[in-house]
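Since the structure comes first, as structure tokens, the remarks are kept for the end.
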Amino acid sequence: MNAPTLIARRIARELRSGMLVNLGIGIPTLVANYVPERVKVFFQSENGLIGTGAVPEEGMAEPLLTDAGGTPVTALPGASTFDSAVSFGLIRGGHVDLTVLGALQVDQAGHLANWMIPGRMVPGMGGAMDLVCGARRVIVAMLHTAKGEPKIVPALTLPLTALRTVDLVVTELAVIAFPDGRATLLERGPGISLSDIKAATAAELIIPDDVPEMWP
Amino acid sequence: MQSICVEDAVAQIPAGATIAIGGFLAVGTPERLVDELVRQGKSHLTIIANDTARPGTGIGKLITARLVDRVIVSHIGLNPETQQQMMAGTLAVELVPQGTLAERIRAGGYGLGGVLTPTGVGTRVEEGKQRLEVNGRVYLLEVALQADFALIQAFAADYLGNLTYVLTARNFNPLIAMAAKTVIACAKHIVPTGLISPDHVVTPAPIVDYLVTNP
């Protein structure tokens, strides 16, 4: 199993029936492919859709029906569409139960940076700041390191996305939560040792006595 | 509402105008109006929109043609030309969180001076803005946005200018329609008055100044 698939499958286990869920672009989008059987969630695309379905078959794409990355999608029975003010009312108003987002950095308290690298890459925050501010639960899906550099750091060196901290970080090496504002290792990746995780993490990490292997 | 050809619709937009344009990564963007802005070479524009799309699509065409001095958008990540012009200092980019952008435009169209949002508190977005505490929670005062022109893409318009939208092509269109002095709409279908059920009208006819006739 490659790293993105592992991460997406692990996060999919956090889904519960009835949840309204917003998935970011990249690894987060993959989560939709691994919704457990019998779990029925609503996926929101912030461009104005609840009930986002799979990518349509070749030749069946409707150009006016896409996800927030511009990829043609389908709308499931029971879907609804709305304008951007309603879409962000859902997000900011606390009606979205879970969002899964990518990250450039997460600090040891759970603060997220994911919208710009000053002077180098400025994609913009899009909906990320509103999502982190308003969603009931925030999960980060990311590779543990970027070009060998740890992404889980003592303090952010990149601009902050929101004061609110994330609830869970899932990487190919580890599952990390932030109880009492301190990064705490909950699970380790398949075949990954504690020393592997420590070597790839710059932040101070609380390591409980028992850290089970994750079941993706 | 007045019907108008696309050439005349764009001819009335002066260089230097502030234009709000519907669409999300060009889905729901009036491409005919954008193409005509490029053809007529309308320059020094300020664009209010969700994003600058990709090169060759929607607002991306205005960026490529270097007609834009300033954009107020939430995302430029899929248009490397926007990034290049920003880094070169020829294009000013004001990045606004998407939900804040929607609300600033809504406020502009609804007669409000602005909105209070928790989004952006403690981040770079807060710079230069007033912080207010209401009922124990901290908010930023985000001021209303208005445009000289709104360029709308609807799915259907009737002969009076009532507009309706489909699927994810609605996005910012109904919001900007309320927030501009002059509203110019394109529609995929122009249908006799009465065919759009009153309950399905999203943008009411009196808001629309010009409907671009189909070719």
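Residue names in the structure tokens use chain letters A, B, ... in the order shown, residue numbers from 1 in each chain, and ligand numbers from 1 in the order shown.
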
Selection: 9 Å around A:Val138, only C-alpha atoms, excl. self and same-chain fewer than 5 positions, as a PyMOL selection string: chain A and resi 97-101+131-132+165-169

Should the cut-off be 9 Å, what would the residue list for chain B against chain A look like, counting only C-alpha atoms, as a PyMOL selection string? chain B and resi 24-28+50-51+73-79+83+87+95-103+106+117-124+166-175

Find the residues near stretch 151-157 of chain A: any atom within 9 Å, counting only C-alpha atoms, skip ones fewer than 6 places away on the same chain, and give them as a PyMOL selection string. chain A and resi 103-113+142-145+200-204

Those selected residues, please, written with C-alpha atoms and delivered as a tab-separated table (two decimals), in the first residue's frame.
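Full text of again16.tsv as output:
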chain	number	residue	atom	x	y	z
A	103	ALA	CA	-0.54	20.64	5.51
A	104	LEU	CA	2.83	22.22	4.90
A	105	GLN	CA	3.64	22.20	8.63
A	106	VAL	CA	2.00	21.33	11.94
A	107	ASP	CA	3.53	22.48	15.22
A	108	GLN	CA	3.70	20.49	18.45
A	109	ALA	CA	0.57	22.16	19.80
A	110	GLY	CA	-1.37	21.28	16.63
A	111	HIS	CA	-1.28	24.62	14.83
A	112	LEU	CA	-1.49	24.30	11.07
A	113	ALA	CA	0.28	26.09	8.20
A	142	MET	CA	-0.03	14.53	4.92
A	143	LEU	CA	3.26	12.79	4.25
A	144	HIS	CA	5.38	12.83	7.40
A	145	THR	CA	8.26	14.70	5.76
A	200	ALA	CA	11.35	12.02	11.12
A	201	THR	CA	9.70	14.36	13.65
A	202	ALA	CA	11.25	17.65	14.77
A	203	ALA	CA	8.54	18.43	17.33
A	204	GLU	CA	8.63	17.13	20.87

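Contact shell of A:Ile11 at 8 Å (only C-alpha atoms; same-chain neighbours under 4 positions omitted): Ile7, Leu15, Val31, Ile139, Ala141 and Val170 of chain A.
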
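Interatomic distance, atom CA of A:Pro4 to atom CA of A:Glu172: 7.4 Å.
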
As an exercise, work out the distance from atom CA of B:Asn135 to atom CA of A:Pro179 in Å and give it to one decimal place. 26.4 Å

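Secondary structure from DSSP on the backbone puts helix (DSSP H, G or I) at the following positions of stretch 89-189 of chain B: B:Gln98, B:Gly99, B:Thr100, B:Leu101, B:Ala102, B:Glu103, B:Arg104, B:Ile105, B:Arg106, B:Ala107, B:Gly108, B:Gly109, B:Arg124, B:Val125, B:Glu126, B:Leu167, B:Thr168, B:Ala169, B:Asn173, B:Pro174, B:Leu175, B:Ile176, B:Ala177, B:Met178.
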